[in-house]
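Heads up: the structure comes next, in structure tokens.
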Amino acid sequence: PDALVDASRVAVVALLPIGFFAVGAILAEEAEEGYFTLGSPLRPPVSLAIALRLVVAPGLLLLLSLPLIDLPGAYLLLAAMPCGINTLLVSHVYGLDIKLAAQAVAWSTAIAVLAAMASLAV
């Protein structure tokens, strides 16, 4: 039903500030301890995470779909979305590098937003 679709969209938009608060809290905690800066997206681990998420994932989807189906452009756009907040959850639960996960979320989101703004200006 349309009401449930609308409710799910509202829930997704309402969760965005909570997710970005989580990223900000992790980045702020690292900064308080004095050994963290947001750093450059060109550092090898961060740039690799960004490239995997924004370039390799949609490229792999396109490559795998070419012989099978005519893939709609929206699917490629979804595959090229920035790293999600679930990256932080997984890195925390499994003891992975939370700092790298937070940087990947922050930088990939910034790059995606700038790319979207640039595409709207054209």
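Ligands are numbered from 1 in the order shown, residues from 1 within each chain, and chains are lettered A, B, ... in the order they appear in the structure tokens.
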message: Please extract the residues of chain A with a backbone DSSP assignment of alpha helix (DSSP H) and present them as number ranges by chain.
response: A: 2-32, 44-51, 57-65, 73-79, 86-93, 98-121
Can you tell me, as an mmCIF file with N, CA and C atoms, in the first residue's frame, what residues are no more than 8 Å from segment 104-111 of chain A when counting only C-alpha atoms, ignoring any on the same chain fewer than 3 positions away?
```
data_model
loop_
_atom_site.group_PDB
_atom_site.id
_atom_site.type_symbol
_atom_site.label_atom_id
_atom_site.label_comp_id
_atom_site.auth_asym_id
_atom_site.auth_seq_id
_atom_site.Cartn_x
_atom_site.Cartn_y
_atom_site.Cartn_z
ATOM 1 N N VAL A 23 28.802 8.653 12.772
ATOM 2 C CA VAL A 23 30.084 8.917 12.112
ATOM 3 C C VAL A 23 30.793 10.072 12.800
ATOM 4 N N PRO A 41 41.700 11.800 1.499
ATOM 5 C CA PRO A 41 41.117 10.626 0.852
ATOM 6 C C PRO A 41 42.123 9.923 -0.052
ATOM 7 N N VAL A 46 42.209 4.492 2.572
ATOM 8 C CA VAL A 46 40.965 5.244 2.360
ATOM 9 C C VAL A 46 40.639 5.314 0.875
ATOM 10 N N ALA A 49 39.268 1.999 -0.284
ATOM 11 C CA ALA A 49 37.877 1.803 0.138
ATOM 12 C C ALA A 49 36.926 2.629 -0.724
ATOM 13 N N ILE A 50 37.307 3.869 -1.014
ATOM 14 C CA ILE A 50 36.464 4.735 -1.845
ATOM 15 C C ILE A 50 36.364 4.171 -3.266
ATOM 16 N N ARG A 53 34.156 1.078 -3.468
ATOM 17 C CA ARG A 53 32.724 1.353 -3.299
ATOM 18 C C ARG A 53 32.133 2.138 -4.459
ATOM 19 N N LEU A 54 32.858 3.160 -4.935
ATOM 20 C CA LEU A 54 32.287 4.062 -5.934
ATOM 21 C C LEU A 54 32.583 3.664 -7.379
ATOM 22 N N PRO A 82 27.642 5.814 -1.846
ATOM 23 C CA PRO A 82 28.765 5.821 -0.903
ATOM 24 C C PRO A 82 28.615 4.758 0.178
ATOM 25 N N CYS A 83 29.704 4.570 0.912
ATOM 26 C CA CYS A 83 29.693 3.607 2.021
ATOM 27 C C CYS A 83 28.594 3.981 2.998
ATOM 28 N N GLY A 84 27.930 2.995 3.538
ATOM 29 C CA GLY A 84 26.827 3.239 4.449
ATOM 30 C C GLY A 84 27.242 3.143 5.907
ATOM 31 N N ILE A 85 26.345 3.559 6.743
ATOM 32 C CA ILE A 85 26.586 3.538 8.181
ATOM 33 C C ILE A 85 26.746 2.102 8.681
ATOM 34 N N THR A 87 28.628 0.049 7.616
ATOM 35 C CA THR A 87 30.074 -0.197 7.628
ATOM 36 C C THR A 87 30.632 -0.005 9.029
ATOM 37 N N LEU A 100 39.169 3.800 9.911
ATOM 38 C CA LEU A 100 39.133 3.660 8.447
ATOM 39 C C LEU A 100 37.695 3.611 7.945
ATOM 40 N N ALA A 101 36.831 2.908 8.661
ATOM 41 C CA ALA A 101 35.425 2.823 8.262
ATOM 42 C C ALA A 101 34.766 4.202 8.307
ATOM 43 N N LEU A 114 29.354 15.809 -3.933
ATOM 44 C CA LEU A 114 29.950 16.748 -4.877
ATOM 45 C C LEU A 114 29.707 16.313 -6.325
ATOM 46 N N ALA A 115 29.793 15.021 -6.592
ATOM 47 C CA ALA A 115 29.521 14.516 -7.944
ATOM 48 C C ALA A 115 28.066 14.754 -8.336
#
```
List the neighbours of Gly24 of chain A out to 12 Å using only C-alpha atoms; skip same-chain residues closer than 2 positions along the sequence, and give me the result as a PDB file with C-alpha atoms, in the first residue's frame.
```pdb
ATOM      1  CA  PRO A  17      20.790  12.224  11.041  1.00  0.00           C
ATOM      2  CA  ILE A  18      21.313   9.347  13.477  1.00  0.00           C
ATOM      3  CA  GLY A  19      23.768   7.687  11.104  1.00  0.00           C
ATOM      4  CA  PHE A  20      25.744  10.848  10.491  1.00  0.00           C
ATOM      5  CA  PHE A  21      25.762  11.489  14.227  1.00  0.00           C
ATOM      6  CA  ALA A  22      27.395   8.074  14.670  1.00  0.00           C
ATOM      7  CA  ILE A  26      33.510   8.271  16.108  1.00  0.00           C
ATOM      8  CA  LEU A  27      35.519  10.980  14.365  1.00  0.00           C
ATOM      9  CA  ALA A  28      35.201  13.279  17.407  1.00  0.00           C
ATOM     10  CA  GLU A  29      36.263  10.509  19.806  1.00  0.00           C
ATOM     11  CA  GLU A  30      39.374   9.887  17.740  1.00  0.00           C
ATOM     12  CA  ALA A  31      40.112  13.634  17.662  1.00  0.00           C
ATOM     13  CA  LEU A  38      40.103  13.313   9.017  1.00  0.00           C
ATOM     14  CA  ILE A  85      26.586   3.538   8.181  1.00  0.00           C
ATOM     15  CA  LEU A  88      30.615   1.265  11.099  1.00  0.00           C
ATOM     16  CA  LYS A  99      38.727   4.898  12.029  1.00  0.00           C
ATOM     17  CA  ALA A 101      35.425   2.823   8.262  1.00  0.00           C
ATOM     18  CA  ALA A 102      34.449   6.306   9.473  1.00  0.00           C
ATOM     19  CA  GLN A 103      36.826   7.936   7.006  1.00  0.00           C
ATOM     20  CA  VAL A 105      31.884   6.782   5.037  1.00  0.00           C
ATOM     21  CA  ALA A 106      32.751  10.478   5.362  1.00  0.00           C
TER      22      ALA A 106
END
```
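Here atom CA of Arg9 of chain A and atom CA of Ala25 of chain A stand 25.1 Å from one another.
Nearest residue to Met81 of chain A among A:Val12, A:Ala121, A:Ala116, A:Val5 is A:Ala116, counting only C-alpha atoms.
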